[in-house]
>>> print(open('data.cif').read())   # mmCIF, C-alpha atoms
data_my_file
loop_
_atom_site.label_atom_id
_atom_site.label_comp_id
_atom_site.auth_asym_id
_atom_site.auth_seq_id
_atom_site.Cartn_x
_atom_site.Cartn_y
_atom_site.Cartn_z
CA MET E 1 18.97 25.35 11.75
CA THR E 2 19.60 22.55 9.26
CA LYS E 3 20.70 23.69 5.80
CA ILE E 4 20.79 21.82 2.54
CA ASP E 5 23.80 20.83 0.45
CA SER E 6 23.30 22.14 -3.08
CA ASN E 7 25.84 19.68 -4.50
CA LYS E 8 23.55 16.68 -4.00
CA SER E 9 20.30 15.46 -5.55
CA LEU E 10 17.24 16.80 -3.76
CA ILE E 11 14.74 14.34 -2.26
CA SER E 12 11.21 15.61 -1.67
CA ILE E 13 9.60 13.76 1.25
CA ILE E 14 5.81 14.16 1.23
CA VAL E 15 4.13 13.78 4.64
CA PRO E 16 0.32 14.13 4.85
CA VAL E 17 -0.87 14.89 8.39
CA TYR E 18 -4.33 14.41 9.83
CA ASN E 19 -4.82 14.30 13.62
CA THR E 20 -1.66 12.36 14.42
CA GLU E 21 -0.35 14.47 17.30
CA LYS E 22 0.47 11.30 19.24
CA TYR E 23 2.94 10.09 16.60
CA LEU E 24 3.90 13.18 14.62
CA GLU E 25 7.08 14.11 16.47
CA GLN E 26 8.55 10.64 16.04
CA CYS E 27 7.77 10.81 12.32
CA LEU E 28 9.30 14.27 11.85
CA ASP E 29 12.35 13.46 13.98
CA SER E 30 13.05 10.45 11.77
CA VAL E 31 13.01 12.71 8.70
CA CYS E 32 14.88 15.70 10.11
CA ASN E 33 17.62 13.46 11.52
CA GLN E 34 18.43 11.75 8.21
CA THR E 35 22.14 11.34 7.55
CA TYR E 36 21.39 12.44 3.98
CA GLN E 37 20.43 16.05 4.54
CA TYR E 38 19.56 17.44 1.10
CA LEU E 39 15.85 17.09 1.69
CA GLU E 40 12.71 19.05 0.96
CA ILE E 41 10.16 18.06 3.61
CA ILE E 42 6.66 18.87 2.37
CA VAL E 43 4.07 18.47 5.12
CA ILE E 44 0.40 18.78 4.21
CA ASN E 45 -1.76 19.56 7.24
CA ASP E 46 -5.00 18.07 5.95
CA GLY E 47 -7.46 19.87 8.23
CA SER E 48 -6.16 18.48 11.53
CA THR E 49 -8.28 19.42 14.55
CA ASP E 50 -5.85 18.24 17.24
CA ARG E 51 -2.46 19.73 18.21
CA SER E 52 -0.73 18.67 15.00
CA ASP E 53 -0.57 22.29 13.82
CA LYS E 54 1.28 23.38 16.99
CA ILE E 55 3.80 20.58 16.56
CA LEU E 56 4.36 21.60 12.94
CA GLU E 57 4.96 25.22 13.95
CA LYS E 58 7.64 24.06 16.40
CA TYR E 59 9.41 21.98 13.76
CA THR E 60 9.36 24.67 11.08
CA ARG E 61 11.22 26.94 13.49
CA LYS E 62 13.89 24.25 13.98
CA ASP E 63 14.36 23.12 10.38
CA THR E 64 14.17 25.38 7.32
CA ARG E 65 13.72 22.37 5.02
CA ILE E 66 10.16 21.85 6.28
CA LYS E 67 7.42 23.43 4.19
CA VAL E 68 3.91 23.22 5.68
CA ILE E 69 0.83 23.45 3.47
CA THR E 70 -2.47 23.78 5.33
CA GLN E 71 -5.77 22.86 3.70
CA LYS E 72 -9.27 21.70 4.55
CA ASN E 73 -9.59 17.97 5.09
CA ARG E 74 -9.62 16.29 1.67
CA GLY E 75 -8.12 12.89 2.46
CA LEU E 76 -4.78 11.14 2.02
CA SER E 77 -4.85 10.98 -1.78
CA ALA E 78 -5.55 14.67 -2.22
CA ALA E 79 -2.86 15.57 0.34
CA ARG E 80 -0.26 13.46 -1.45
CA ASN E 81 -1.25 15.05 -4.77
CA VAL E 82 -0.76 18.53 -3.31
CA GLY E 83 2.67 17.42 -2.12
CA LEU E 84 3.55 16.28 -5.63
CA GLU E 85 2.50 19.65 -7.06
CA TYR E 86 4.73 21.53 -4.61
CA SER E 87 7.70 19.17 -4.84
CA SER E 88 10.85 20.31 -6.62
CA GLY E 89 13.12 17.34 -5.87
CA GLU E 90 14.58 14.98 -8.44
CA TYR E 91 13.36 12.14 -6.23
CA ILE E 92 10.10 11.57 -4.32
CA MET E 93 9.40 9.69 -1.10
CA PHE E 94 6.05 9.32 0.69
CA LEU E 95 5.76 8.91 4.46
CA ASP E 96 2.57 8.66 6.51
CA SER E 97 2.64 10.81 9.65
CA ASP E 98 2.05 7.92 12.08
CA ASP E 99 5.01 5.97 10.63
CA TRP E 100 8.73 6.61 10.70
CA ILE E 101 11.95 5.72 8.86
CA ASP E 102 15.47 4.82 10.00
CA ASN E 103 17.98 7.67 10.04
CA THR E 104 20.01 6.18 7.16
CA THR E 105 17.03 5.48 4.88
CA CYS E 106 17.58 8.35 2.44
CA ASP E 107 21.34 7.78 2.33
CA ILE E 108 20.97 4.09 1.50
CA ALA E 109 18.15 4.67 -0.99
CA ILE E 110 19.80 7.52 -2.92
CA GLU E 111 23.09 5.64 -3.09
CA MET E 112 21.37 2.53 -4.45
CA ILE E 113 19.17 4.32 -6.97
CA GLY E 114 22.18 6.29 -8.22
CA SER E 115 24.66 3.41 -8.42
CA THR E 116 22.21 1.16 -10.27
CA ARG E 117 20.69 3.97 -12.39
CA SER E 118 17.23 2.77 -11.42
CA ASP E 119 13.88 4.55 -11.58
CA VAL E 120 12.70 3.27 -8.22
CA VAL E 121 14.21 1.60 -5.18
CA PHE E 122 12.18 -0.09 -2.46
CA TRP E 123 12.94 -1.92 0.76
CA SER E 124 11.66 -4.08 3.62
CA TYR E 125 9.83 -2.75 6.63
CA VAL E 126 8.61 -3.55 10.14
CA ARG E 127 4.98 -3.76 11.21
CA GLU E 128 4.89 -2.03 14.57
CA TYR E 129 2.11 -3.32 16.81
CA ALA E 130 1.34 -2.05 20.31
CA ASN E 131 3.44 -4.73 22.02
CA ARG E 132 5.52 -6.31 19.28
CA SER E 133 7.32 -5.73 15.99
CA LYS E 134 7.14 -7.97 12.92
CA PRO E 135 9.69 -7.63 10.09
CA VAL E 136 8.30 -7.98 6.58
CA TYR E 137 10.70 -8.97 3.79
CA LEU E 138 9.16 -8.43 0.36
CA PHE E 139 11.53 -10.90 -1.28
CA ASP E 140 14.41 -13.00 0.06
CA GLN E 141 17.15 -11.23 1.96
CA LYS E 142 19.34 -10.16 -0.92
CA ILE E 143 19.41 -7.31 -3.43
CA HIS E 144 17.19 -7.80 -6.48
CA ILE E 145 17.55 -5.77 -9.67
CA TRP E 146 15.03 -5.78 -12.52
CA ASP E 147 16.54 -4.42 -15.74
CA GLU E 148 14.71 -3.76 -19.01
CA LYS E 149 14.53 -7.51 -19.72
CA GLU E 150 13.09 -8.35 -16.30
CA ILE E 151 11.06 -5.29 -15.32
CA TYR E 152 7.87 -6.62 -16.90
CA LYS E 153 7.76 -9.37 -14.24
CA LEU E 154 7.79 -6.78 -11.46
CA TYR E 155 5.17 -4.65 -13.22
CA GLN E 156 2.99 -7.73 -13.57
CA GLN E 157 3.36 -8.43 -9.85
CA THR E 158 2.01 -4.99 -8.99
CA ILE E 159 -1.15 -5.98 -10.88
CA GLY E 160 -1.51 -9.31 -9.10
CA LEU E 161 0.23 -12.54 -8.11
CA GLN E 162 0.69 -15.43 -10.54
CA ARG E 163 1.85 -19.04 -10.46
CA GLU E 164 4.58 -19.59 -7.80
CA GLN E 165 3.91 -16.13 -6.34
CA LEU E 166 0.58 -17.52 -5.11
CA HIS E 167 2.49 -19.66 -2.59
CA GLU E 168 2.46 -16.49 -0.45
CA PRO E 169 -0.92 -14.89 -1.25
CA GLN E 170 -0.71 -12.66 1.83
CA LYS E 171 1.92 -10.63 -0.07
CA ILE E 172 -0.58 -9.51 -2.71
CA ASP E 173 -0.15 -5.86 -1.70
CA SER E 174 3.37 -5.94 -0.28
CA ILE E 175 5.04 -4.12 -3.17
CA ILE E 176 2.28 -1.63 -4.04
CA THR E 177 2.53 0.67 -1.01
CA ALA E 178 3.45 4.25 -1.89
CA TRP E 179 5.62 4.47 1.23
CA GLY E 180 8.80 2.39 1.48
CA LYS E 181 10.04 3.58 -1.91
CA LEU E 182 12.19 6.25 -3.50
CA TYR E 183 10.92 7.25 -6.95
CA ARG E 184 12.65 9.19 -9.66
CA LYS E 185 10.14 12.00 -10.07
CA GLU E 186 10.08 11.89 -13.87
CA ILE E 187 8.55 8.39 -13.90
CA ILE E 188 5.59 9.70 -11.88
CA GLY E 189 4.99 12.49 -14.38
CA ASP E 190 1.35 13.55 -14.24
CA ILE E 191 0.13 10.34 -12.53
CA ARG E 192 -1.83 11.16 -9.38
CA PHE E 193 -3.58 9.33 -6.57
CA VAL E 194 -7.33 8.66 -6.83
CA ASN E 195 -9.42 9.31 -3.73
CA THR E 196 -10.10 6.26 -1.56
CA GLU E 197 -13.79 7.19 -1.51
CA GLU E 198 -13.82 6.25 -5.19
CA ILE E 199 -11.61 3.14 -5.28
CA GLY E 200 -11.19 1.99 -1.65
CA THR E 201 -7.39 2.03 -1.64
CA GLU E 202 -5.15 4.48 -3.44
CA ASP E 203 -1.73 2.81 -3.63
CA ALA E 204 -2.44 -0.10 -5.98
CA LEU E 205 -3.69 1.91 -8.96
CA PHE E 206 -1.00 4.58 -8.48
CA ASN E 207 1.86 2.09 -8.49
CA ILE E 208 0.47 -0.01 -11.34
CA GLN E 209 0.42 3.15 -13.44
CA VAL E 210 3.85 4.32 -12.25
CA PHE E 211 5.52 0.92 -12.71
CA SER E 212 4.34 0.84 -16.31
CA ASN E 213 6.88 3.67 -16.82
CA VAL E 214 9.71 2.03 -14.86
CA LYS E 215 12.64 0.73 -16.92
CA LYS E 216 14.77 -0.46 -14.02
CA ALA E 217 14.06 -1.12 -10.34
CA VAL E 218 16.00 -2.36 -7.35
CA TYR E 219 14.93 -3.96 -4.08
CA ILE E 220 17.13 -3.89 -1.00
CA PRO E 221 16.34 -6.21 1.93
CA ASP E 222 17.33 -3.61 4.55
CA ILE E 223 14.51 -2.83 6.99
CA LEU E 224 14.26 0.95 6.71
CA SER E 225 10.58 1.79 7.32
CA HIS E 226 8.31 1.32 10.33
CA TYR E 227 4.61 0.88 9.58
CA ARG E 228 2.43 1.42 12.61
CA LYS E 229 -0.31 -1.20 13.01
CA THR E 230 -2.31 -0.30 16.10
CA ASN E 231 -5.78 -1.49 16.93
CA SER E 232 -8.61 0.93 16.35
CA GLU E 233 -9.49 2.98 19.42
CA SER E 234 -13.15 2.30 18.66
CA LEU E 235 -14.65 -0.63 20.52
CA THR E 236 -16.92 -1.38 17.56
CA ARG E 237 -15.47 -2.08 14.15
CA LYS E 238 -17.93 -1.21 11.44
CA TYR E 239 -18.42 -3.04 8.18
CA LYS E 240 -17.47 -0.83 5.28
CA CYS E 241 -20.27 -1.87 2.95
CA GLN E 242 -19.11 0.63 0.32
CA LEU E 243 -15.76 -1.16 0.00
CA VAL E 244 -17.33 -3.80 -2.25
CA TYR E 245 -18.29 -1.17 -4.81
CA GLN E 246 -15.13 0.90 -4.36
CA TRP E 247 -12.97 -2.13 -5.14
CA LYS E 248 -15.14 -2.90 -8.15
CA GLU E 249 -14.35 0.60 -9.42
CA LEU E 250 -10.65 0.01 -8.66
CA TYR E 251 -10.64 -3.18 -10.72
CA GLN E 252 -12.39 -1.43 -13.60
CA ARG E 253 -9.78 1.33 -13.59
CA ILE E 254 -6.93 -1.18 -13.54
CA LYS E 255 -8.53 -2.97 -16.49
CA GLN E 256 -8.87 0.35 -18.32
CA HIS E 257 -5.18 0.99 -17.71
CA LEU E 258 -4.32 -2.45 -19.11
CA ASP E 259 -6.52 -1.80 -22.14
CA ASN E 260 -4.77 1.52 -22.75
CA GLU E 261 -1.37 -0.16 -22.42
CA LYS E 262 -2.46 -2.99 -24.75
CA ALA E 263 -1.19 -5.34 -22.05
CA PRO E 264 -0.74 -9.06 -22.79
CA LEU E 265 -3.22 -11.64 -21.50
CA ASP E 266 -1.16 -12.66 -18.48
CA CYS E 267 -1.63 -9.15 -17.03
CA TYR E 268 -5.39 -9.71 -17.16
CA GLN E 269 -4.89 -13.06 -15.42
CA ALA E 270 -2.90 -11.25 -12.72
CA LEU E 271 -5.81 -8.84 -12.31
CA ASN E 272 -8.27 -11.74 -12.06
CA ASN E 273 -6.12 -13.22 -9.28
CA ARG E 274 -6.09 -9.87 -7.46
CA ILE E 275 -9.88 -9.74 -7.64
CA ALA E 276 -10.25 -13.28 -6.30
CA LEU E 277 -7.77 -12.78 -3.45
CA GLY E 278 -9.61 -9.59 -2.55
CA LEU E 279 -12.53 -11.72 -1.38
CA ILE E 280 -10.63 -12.52 1.81
CA GLY E 281 -10.16 -8.83 2.58
CA LEU E 282 -13.86 -8.20 2.00
CA GLY E 283 -14.77 -11.20 4.13
CA LEU E 284 -12.59 -10.09 7.04
CA ASN E 285 -14.03 -6.59 6.73
CA LEU E 286 -17.51 -8.14 7.08
CA ILE E 287 -16.72 -10.56 9.88
CA GLU E 288 -15.30 -7.84 12.17
CA ASP E 289 -18.55 -5.87 12.42
CA SER E 290 -20.05 -6.74 15.80
CA ARG E 291 -23.31 -4.97 14.92
CA LEU E 292 -24.28 -7.58 12.32
CA ASN E 293 -25.73 -10.94 13.32
CA ILE E 294 -24.75 -14.16 11.59
CA ASN E 295 -27.72 -14.09 9.19
CA GLN E 296 -26.91 -10.55 8.08
CA LYS E 297 -23.29 -11.54 7.47
CA ARG E 298 -24.40 -14.62 5.55
CA ARG E 299 -26.67 -12.57 3.28
CA GLU E 300 -23.98 -9.95 2.65
CA LEU E 301 -21.32 -12.55 1.84
CA LYS E 302 -23.70 -14.38 -0.50
CA LYS E 303 -24.44 -11.12 -2.33
CA ILE E 304 -20.70 -10.54 -2.85
CA LEU E 305 -20.05 -14.05 -4.13
CA TYR E 306 -22.79 -13.76 -6.73
CA MET E 307 -21.27 -10.61 -8.26
CA SER E 308 -20.19 -11.40 -11.81
CA HIS E 309 -16.59 -10.14 -11.51
CA TYR E 310 -15.98 -12.38 -8.48
CA GLN E 311 -17.55 -15.39 -10.18
CA LYS E 312 -15.28 -14.84 -13.18
CA ALA E 313 -12.17 -14.31 -11.05
CA LEU E 314 -12.85 -17.44 -9.01
CA SER E 315 -13.32 -19.52 -12.16
CA PHE E 316 -9.82 -18.58 -13.39
CA LEU E 317 -7.99 -18.69 -10.04
CA PRO E 318 -5.36 -21.51 -10.10
CA LEU E 319 -5.88 -23.26 -6.75
CA ASN E 320 -2.89 -25.63 -7.07
CA TYR E 321 -0.37 -22.92 -6.10
CA LEU E 322 -2.20 -21.77 -2.96
CA PRO E 323 -1.43 -22.86 0.63
CA PHE E 324 -3.89 -25.36 2.11
CA TYR E 325 -6.06 -22.95 4.13
CA TRP E 326 -6.32 -20.47 1.26
CA LYS E 327 -7.15 -23.29 -1.15
CA LEU E 328 -9.88 -24.48 1.22
CA PHE E 329 -11.30 -20.96 1.42
CA PHE E 330 -11.52 -20.60 -2.36
CA ILE E 331 -12.99 -24.07 -2.86
CA CYS E 332 -15.76 -23.01 -0.47
CA ALA E 333 -16.09 -19.69 -2.31
CA LYS E 334 -16.40 -21.41 -5.69
CA GLN E 335 -19.08 -23.72 -4.29
CA ARG E 336 -20.68 -20.80 -2.37
CA TRP E 337 -20.64 -22.70 0.91
CA ILE E 338 -21.44 -19.58 2.90
CA ILE E 339 -21.52 -20.99 6.44
CA LEU E 340 -18.16 -22.73 6.00
CA LEU E 341 -16.71 -19.49 4.60
CA LEU E 342 -17.92 -17.55 7.63
CA ILE E 343 -16.32 -20.10 9.97
CA LEU E 344 -13.02 -19.89 8.05
CA LEU E 345 -13.13 -16.10 8.14
CA MET E 346 -13.71 -16.09 11.90
CA ILE E 347 -10.70 -18.38 12.36
CA MET E 348 -8.56 -16.17 10.07
CA ASN E 349 -9.62 -13.04 11.91
CA ARG E 350 -8.80 -14.57 15.30
CA MET E 351 -5.39 -15.73 14.08
CA ARG E 352 -4.41 -12.35 12.64
CA ASN E 353 -5.44 -10.55 15.86
CA CYS E 354 -3.40 -12.83 18.13
#
>>> encode(input="data.cif", output="structure tokens")
Amino acid sequence: MTKIDSNKSLISIIVPVYNTEKYLEQCLDSVCNQTYQYLEIIVINDGSTDRSDKILEKYTRKDTRIKVITQKNRGLSAARNVGLEYSSGEYIMFLDSDDWIDNTTCDIAIEMIGSTRSDVVFWSYVREYANRSKPVYLFDQKIHIWDEKEIYKLYQQTIGLQREQLHEPQKIDSIITAWGKLYRKEIIGDIRFVNTEEIGTEDALFNIQVFSNVKKAVYIPDILSHYRKTNSESLTRKYKCQLVYQWKELYQRIKQHLDNEKAPLDCYQALNNRIALGLIGLGLNLIEDSRLNINQKRRELKKILYMSHYQKALSFLPLNYLPFYWKLFFICAKQRWIILLLILLMIMNRMRNC
């Protein structure tokens, strides 16, 4: 059995599990085999109905660092929050149970966060598709450190992209994932994840709130995480019509956070840019639904474009920084050229699925 070293700082790794028997062993092996061994591995079995529970039983017998918490299915956000309540480490790491990390991840991260006296360290990752792998570098391939004079720029980027950052609009969410980071627990404090059923995606709001507490951060270009991107097993992809209203709630909560922080105007501009760029995500979500005909998709897209928060965001979006195809998309969106937008979205969807 693996034992912990009481002379080192404890890392709590929080792993929510829901019906991932196909990938769970690879995930747990990557954690249990870390070269840095002073770990607390908190696994939340979130109402799995497959063989995940049997796999967890096997691993708890092998490794005393694993603590399994079983609950009824409440979703990823609630599972992560339970993990935070049970965690006793000085540092926190999140890992989804269908992903995995390199064996040296914790060693590299704890060394970097300690040597730089940072509140958070984050790193590059690989998108793992069924037949290929695609490295994703969040910045250029060198170490970046944001001290107290520079940290505001990073915080602002969690809210949304601005100016030259808009040259790569596809990176709008690259630094706001909860996974791929090591946090000093005290900066999280009582901040918790909000259920995706309320805001559509949990990581953005969580990290915007957490990064408002960060005094120093460091990015390392090392590829240490593997994010599994497999196609849905369902032959029919359904349009998530509620996502429009969930994201509206997300944006309202981010604005409330900025109001509470008495944030400067450029933070609100960053939020406006996030809202505008979100139109592409909503459009791709719509275009993938094979149950809707072209007229239904046209009506739905038109309804979205006439929403006041999207009209406002589009009016303030600086097009001059965007790549050509993105600029073309947003010109069409501003003019509400619905058919052209649908054609562009179909092309984008085909390109991303190649």
>>> closest_residue(input="data.cif", among="E:Ile55, E:Leu271, E:Ile208, E:Leu340", to="Phe316 of chain E", atoms="only C-alpha atoms")
E:Leu271
>>> resolve_selection(input="data.cif", expression="the PyMOL selection byres ((chain E and resi 222) around 12)", output="JSON, numbers by chain")
{"E": [101, 102, 104, 105, 108, 109, 112, 121, 122, 123, 124, 125, 126, 135, 136, 137, 138, 139, 140, 141, 142, 143, 144, 180, 219, 220, 221, 223, 224, 225, 226]}
>>> residues_around(input="data.cif", residues="segment 254-269 of chain E", least_positions_apart="3", cutoff="8 Å", atoms="only C-alpha atoms", output="ChimeraX atom specification")
/E:156,159-160,162,205,208-209,250-251,272-273,316
>>> residues_around(input="data.cif", residues="Ser52 of chain E", least_positions_apart="2", cutoff="7 Å", atoms="only C-alpha atoms", output="ChimeraX atom specification")
/E:19-21,48,50,54-56
>>> atom_distance(input="data.cif", atom1="atom CA of Arg117 of chain E", atom2="atom CA of Arg184 of chain E")
10.0 Å
>>> atom_distance(input="data.cif", atom1="atom CA of Cys106 of chain E", atom2="atom CA of Asp119 of chain E")
15.0 Å
>>> closest_atom_pairs(input="data.cif", of="segment 46-108 of chain E", to="segment 186-189 of chain E", cutoff="10 Å", atoms="all atoms listed in the file", output="CSV")
residue,atom,partner,partner_atom,distance
E:Leu84,CA,E:Ile188,CA,9.3
E:Glu90,CA,E:Glu186,CA,7.7
E:Tyr91,CA,E:Glu186,CA,8.3
E:Ile92,CA,E:Ile188,CA,9.0
>>> atom_distance(input="data.cif", atom1="atom CA of Gly200 of chain E", atom2="atom CA of Leu344 of chain E")
24.0 Å
>>> closest_residue(input="data.cif", among="E:Arg228, E:Arg336, E:Arg291, E:His167", to="Lys303 of chain E", atoms="only C-alpha atoms")
E:Arg336
>>> axis_aligned_box(input="data.cif", around="segment 124-135 of chain E", padding_each_side="6 Å", output="JSON")
{"center_x": 6.5, "center_y": -5.0, "center_z": 12.8, "size_x": 22.3, "size_y": 17.9, "size_z": 30.4}
>>> resolve_selection(input="data.cif", expression="the PyMOL selection byres ((chain E and resi 9) around 12)", output="list in words")
Ile4, Asp5, Ser6, Asn7, Lys8, Leu10, Ile11, Ser12, Tyr36, Gln37, Tyr38, Leu39, Glu40, Ser88, Gly89, Glu90, Tyr91, Ile92, Cys106, Asp107, Ala109, Ile110, Glu111, Ile113, Gly114, Arg184 and Lys185 of chain E
>>> write_last_selection(input="data.cif", atoms="C-alpha atoms", output="PDB file, in the coordinates of the input")
ATOM      1  CA  ILE E   4      20.790  21.820   2.540  1.00  0.00           C
ATOM      2  CA  ASP E   5      23.800  20.830   0.450  1.00  0.00           C
ATOM      3  CA  SER E   6      23.300  22.140  -3.080  1.00  0.00           C
ATOM      4  CA  ASN E   7      25.840  19.680  -4.500  1.00  0.00           C
ATOM      5  CA  LYS E   8      23.550  16.680  -4.000  1.00  0.00           C
ATOM      6  CA  LEU E  10      17.240  16.800  -3.760  1.00  0.00           C
ATOM      7  CA  ILE E  11      14.740  14.340  -2.260  1.00  0.00           C
ATOM      8  CA  SER E  12      11.210  15.610  -1.670  1.00  0.00           C
ATOM      9  CA  TYR E  36      21.390  12.440   3.980  1.00  0.00           C
ATOM     10  CA  GLN E  37      20.430  16.050   4.540  1.00  0.00           C
ATOM     11  CA  TYR E  38      19.560  17.440   1.100  1.00  0.00           C
ATOM     12  CA  LEU E  39      15.850  17.090   1.690  1.00  0.00           C
ATOM     13  CA  GLU E  40      12.710  19.050   0.960  1.00  0.00           C
ATOM     14  CA  SER E  88      10.850  20.310  -6.620  1.00  0.00           C
ATOM     15  CA  GLY E  89      13.120  17.340  -5.870  1.00  0.00           C
ATOM     16  CA  GLU E  90      14.580  14.980  -8.440  1.00  0.00           C
ATOM     17  CA  TYR E  91      13.360  12.140  -6.230  1.00  0.00           C
ATOM     18  CA  ILE E  92      10.100  11.570  -4.320  1.00  0.00           C
ATOM     19  CA  CYS E 106      17.580   8.350   2.440  1.00  0.00           C
ATOM     20  CA  ASP E 107      21.340   7.780   2.330  1.00  0.00           C
ATOM     21  CA  ALA E 109      18.150   4.670  -0.990  1.00  0.00           C
ATOM     22  CA  ILE E 110      19.800   7.520  -2.920  1.00  0.00           C
ATOM     23  CA  GLU E 111      23.090   5.640  -3.090  1.00  0.00           C
ATOM     24  CA  ILE E 113      19.170   4.320  -6.970  1.00  0.00           C
ATOM     25  CA  GLY E 114      22.180   6.290  -8.220  1.00  0.00           C
ATOM     26  CA  ARG E 184      12.650   9.190  -9.660  1.00  0.00           C
ATOM     27  CA  LYS E 185      10.140  12.000 -10.070  1.00  0.00           C
TER      28      LYS E 185
END
>>> closest_residue(input="data.cif", among="E:Lys334, E:Arg51, E:Lys134, E:Lys72", to="Ala313 of chain E", atoms="all atoms listed in the file")
E:Lys334
